[in-house]
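Reading through the structure tokens given below for one structure.
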Amino acid sequence: MIDFVLPQKIDGSTPPKMPESRQITIVGASGAGKTRFMKELMKRCPGKAYSLSALGASFPERTESTLPGSIDVLYAKAIKSQPYMRADAVSEIDKIAYMILADEFEALLSLKAEQSGTGKKVVLRTTKLDKLRSLWEKIFPGNHILQHTGKLMFATDSGENIISAVTLSQGERAVLYYIGAVLYAMPEAVIFVDSPSLFLHPSILNTLWNAIEELRPDCTFVYNTVDVDFVNSRTENVSIWVKSFDVHNNAWDYEIFDSGKLPDDLFIDLIGTRKPVLFIEGDMKHSIDSKLYTLVFPEFTVRPLGSCNKVIETTRTFNDLKPMHQLDSHGIVDRDRRTDTEVEYLRRKEIFVPNVAEVENIFLLEEVIKVMAQRRGRDPEKVFNRVRHTVMSLFSKKFDAQALQHVRHKVKRDVECKIDARFTCISAMEIHIRSLVDKLRPRETYNQLRAEFMKMLDDGDYNGVLRVFNHKPMLGESQVAFLLGFRDTDAYIGAVLGALKGNGRDARRLKAAIKYSFGLDMDNKPISPGQPLQTQELDAAPDSGQIEKKNKELFDKQVRQSKRQGKRYHRGRKI
């Protein structure tokens, strides 16, 4: 991680210290000096600066980069050192494609030399082409990268058309460029990306950059953007708000802030977004809420606000003002110890409330545990049954205390409602307060809750326990991380979040299970009471990892078909 020395400030004050982060976004109005600011940062990373811009990557009419380690420089070196490297590439995309194929050829020659004469089978090493193909098919399920006559070719499951990179859409070329270019960044590079959302459809934007950042965990990513939605999608982001530039003194007016704490002036930009806003508890940097809900609800712009009361009030305010901004707003708060009546009231007010007591309990949902067990090669039923037994045992030891906490919540809420009365004197108020015990009847409520909790234990109602059991250490004490082979609870949470970043079967199952816990289907529509979680269609859909295994078979099949039909390929198209 690079320790930035930030540029000079207009007011002459000492530049602030840059917080450590792998995600940095440079934001601000057009003409404020963001591009100059980014170039100034690049000068401060000698030998580590690596620049990406999809705008000119496809076009030959450009000035080649002389930046050490750039695609242009690497390609020029490859031509001199690799005699089989094609030397007719002009655009950055063509250069990347040629280098990837040359590296693949070199890897195969090295493998053959290593195996020759030994009589032993050498294990295939993962190449840049393997990584490119895997990530491409993750972004575009059902699409494949093939090798044909020394070129990278592209096909769909149907196999009807095999096309070259030049015939890809502008968005597809941008994805190809970003993935390929990042693979060639030097170790621990600072990758500067100009307009990361340019040419990219919003539906793949977050998935792509999450995957690329995961592909190069050794690198720092600096994004120059005016896309507020993209800024909010970076879950561990530090933003630099560039306000103005003094060209004569080469100085800027800028401010550093966490993306989860956007200043009011910049927050106004959210009004112009086309995506609905989802207000949540916690903060963008540290809470599980923001990391989880950003992935479960990618169709929303997720905005952490801290407390549940602020979420409820802000959602209500935004929806009251909807005629002014046309912004669809929702909120998420933990269920905590709310009654069914309270939950229904909040849901009518566009507040999503899960059927688990707190966000940590989501990671203990049956379907979530079983999906993760399958991913780890464990028996899903066995793992879940052991977790369920542990959770039920924990609840059996604490249900008295839990009932008392539920009563405390109810009494506190009822007192706030009932104490709000007009009194003519202090004596009248004292009489009223003494009478509250008879009106609130806490012991009756306590006994009723104990009976309900005891019934959950007798019936083995695991989902019911998750709904009422507020116990922060429960996720760790459940032993789910240990049973799945993770070093600790944080590693298990990280693995679930990692699985949610994809768009394959596992990610869909996890999202469906979590949305179901909110009483929602995959389109965020309310589910009828008692409707079971439907996973058949999700299970039937192929995962991106399965698609990758079919590449060679698909290409061989297409070649055989073309020979039978007397057809040939020219520049990726049938003739």
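Labels for the structure tokens follow display order: chains A, B, ..., residues from 1 in each chain, ligands from 1.
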
Spatial neighbours of A:Pro380, 7 Å, only C-alpha atoms, chain gap at least 5 places, as a PDB file with N, CA and C atoms, in the first residue's frame:
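The resulting file, out_4.pdb, is reproduced below:
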ATOM      1  N   LYS A 370     -25.644 -23.824   4.170  1.00  0.00           N
ATOM      2  CA  LYS A 370     -25.557 -24.959   3.244  1.00  0.00           C
ATOM      3  C   LYS A 370     -24.816 -24.589   1.960  1.00  0.00           C
ATOM      4  N   ALA A 373     -21.203 -24.510   2.874  1.00  0.00           N
ATOM      5  CA  ALA A 373     -20.714 -25.870   3.102  1.00  0.00           C
ATOM      6  C   ALA A 373     -20.397 -26.561   1.775  1.00  0.00           C
ATOM      7  N   GLN A 374     -21.272 -26.394   0.789  1.00  0.00           N
ATOM      8  CA  GLN A 374     -21.022 -26.979  -0.533  1.00  0.00           C
ATOM      9  C   GLN A 374     -19.766 -26.394  -1.162  1.00  0.00           C
TER      10      GLN A 374
END

Near A:Asp130, within 10 Å and counting only C-alpha atoms, which residues show up once chain neighbours fewer than 6 positions away are dropped, as a compact mmCIF listing (two decimals) with N, CA and C atoms, in the first residue's frame?
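And here is the file that came out, out.txt:
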# COMPACT_ATOMS: atom_id res chain seq x y z
N ILE A 100 -0.83 -11.69 -24.28
CA ILE A 100 -1.44 -12.80 -23.56
C ILE A 100 -1.25 -14.12 -24.31
N GLU A 104 1.00 -17.33 -23.23
CA GLU A 104 0.41 -18.67 -23.19
C GLU A 104 1.29 -19.66 -23.95
N TRP A 136 -13.79 -13.08 -17.54
CA TRP A 136 -14.67 -12.70 -18.65
C TRP A 136 -16.00 -13.45 -18.55
N ILE A 145 -14.11 -17.22 -24.24
CA ILE A 145 -12.93 -16.78 -24.98
C ILE A 145 -12.25 -18.03 -25.54
N GLU A 548 -16.56 -22.53 -17.83
CA GLU A 548 -15.16 -22.49 -18.25
C GLU A 548 -14.66 -23.84 -18.71

Pick the closest to A:Leu183 from A:Asn361, A:Thr127, A:Asn385, A:Asn309: which is it, counting only C-alpha atoms?
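Using only C-alpha atoms, A:Leu183 sits closest to A:Thr127.
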
Find the residues around A:Thr207 up to 12 Å (only C-alpha atoms counted), leave out those fewer than 5 positions away in its own chain, and share them as an mmCIF file with C-alpha atoms, in the first residue's frame.
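Okay, this is what ended up in result_29.cif:
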data_model
loop_
_atom_site.group_PDB
_atom_site.id
_atom_site.type_symbol
_atom_site.label_atom_id
_atom_site.label_comp_id
_atom_site.auth_asym_id
_atom_site.auth_seq_id
_atom_site.Cartn_x
_atom_site.Cartn_y
_atom_site.Cartn_z
ATOM 1 C CA LEU A 135 -13.179 -13.375 -15.197
ATOM 2 C CA TRP A 136 -14.669 -12.700 -18.652
ATOM 3 C CA GLU A 137 -17.146 -15.550 -18.197
ATOM 4 C CA LYS A 138 -17.981 -14.305 -14.713
ATOM 5 C CA ILE A 139 -18.915 -10.894 -16.106
ATOM 6 C CA PHE A 140 -20.652 -12.306 -19.198
ATOM 7 C CA VAL A 175 -14.059 -5.088 -19.969
ATOM 8 C CA SER A 197 -17.705 3.589 -15.462
ATOM 9 C CA LEU A 200 -19.829 -0.007 -18.879
ATOM 10 C CA HIS A 201 -23.451 -0.946 -18.200
ATOM 11 C CA PRO A 202 -24.465 -0.278 -14.557
ATOM 12 C CA ILE A 212 -10.536 -6.854 -10.697
ATOM 13 C CA GLU A 213 -9.605 -5.567 -7.230
ATOM 14 C CA GLU A 214 -9.778 -9.151 -5.960
ATOM 15 C CA PHE A 230 -19.574 4.233 -8.307
ATOM 16 C CA SER A 233 -20.020 1.143 -4.450
ATOM 17 C CA ARG A 234 -16.395 1.067 -3.193
ATOM 18 C CA THR A 294 -24.193 -3.420 -1.068
ATOM 19 C CA LEU A 295 -23.835 -6.926 -2.521
ATOM 20 C CA VAL A 296 -27.329 -8.236 -1.758
ATOM 21 C CA PRO A 298 -26.803 -3.991 -6.041
ATOM 22 C CA GLU A 299 -29.819 -2.311 -7.662
ATOM 23 C CA GLY A 498 -16.810 -12.999 -1.577
ATOM 24 C CA ALA A 499 -19.383 -15.521 -2.801
ATOM 25 C CA LEU A 500 -21.986 -12.756 -3.087
ATOM 26 C CA LYS A 501 -19.708 -10.741 -5.399
ATOM 27 C CA GLY A 502 -20.223 -13.230 -8.214
ATOM 28 C CA ASN A 503 -23.210 -13.754 -10.464
ATOM 29 C CA GLY A 504 -23.177 -17.550 -10.541
ATOM 30 C CA ALA A 507 -24.369 -15.911 -5.422
#

With a distance cut-off of 8 Å and only C-alpha atoms, select the neighbouring residues of A:Asp246, excluding the residue or stretch itself and same-chain residues fewer than 5 positions from it, and output the selection as a PyMOL selection string.
chain A and resi 10+251-252

Using the selection just defined, write its residues with N, CA, C and O atoms as an mmCIF file, in the first residue's frame.
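After the write, part_32.cif holds the following:
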data_model
loop_
_atom_site.group_PDB
_atom_site.id
_atom_site.type_symbol
_atom_site.label_atom_id
_atom_site.label_comp_id
_atom_site.auth_asym_id
_atom_site.auth_seq_id
_atom_site.Cartn_x
_atom_site.Cartn_y
_atom_site.Cartn_z
ATOM 1 N N ILE A 10 -4.149 25.123 -2.040
ATOM 2 C CA ILE A 10 -4.238 26.522 -2.466
ATOM 3 C C ILE A 10 -3.984 27.484 -1.308
ATOM 4 O O ILE A 10 -3.314 28.503 -1.456
ATOM 5 N N ALA A 251 -1.564 24.207 -7.428
ATOM 6 C CA ALA A 251 -2.127 23.875 -6.120
ATOM 7 C C ALA A 251 -3.625 23.654 -6.257
ATOM 8 O O ALA A 251 -4.265 24.158 -7.199
ATOM 9 N N TRP A 252 -4.182 22.899 -5.314
ATOM 10 C CA TRP A 252 -5.587 22.528 -5.370
ATOM 11 C C TRP A 252 -6.293 22.851 -4.056
ATOM 12 O O TRP A 252 -5.670 22.852 -2.981
#

Would you mind telling me which residue in A:Met85, A:Val5, A:Leu278, A:Met38 lies nearest to A:Thr315 when using only C-alpha atoms?
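Using only C-alpha atoms, A:Thr315 sits closest to A:Leu278.
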
Out of A:Arg408, A:Glu358, A:Leu484, A:Asn470, which residue has the shortest atom-to-atom distance to A:Val371 when counting only C-alpha atoms?
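Closest to A:Val371 of all the choices is A:Leu484.
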
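Of the listed residues A:Glu350, A:Asp194, A:Asp490, A:Glu452, the one whose atoms come nearest to A:Ala54 is A:Asp194, with distances taken using only C-alpha atoms.
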
Could you find all residues in stretch 188-291 of chain A that DSSP calls helix (DSSP H, G or I) from the backbone, and write them as number ranges by chain?
A: 202-215, 228-233, 259-261, 264-272, 288-291

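Checking A:His144, A:Lys412, A:Lys131, A:Lys151 one by one against A:Ala102, counting only C-alpha atoms, you find the shortest gap at A:Lys151.
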
For A:Glu255, work out the shell of residues within 7 Å, counting only C-alpha atoms and skipping chain neighbours fewer than 5 positions away, then give it as a list in words.
Ile240, Trp241 and Val242 of chain A

From the options A:Val383, A:Val238, A:Leu440, A:Leu198, which residue's atoms come nearest to A:His409, counting only C-alpha atoms?
A:Leu440
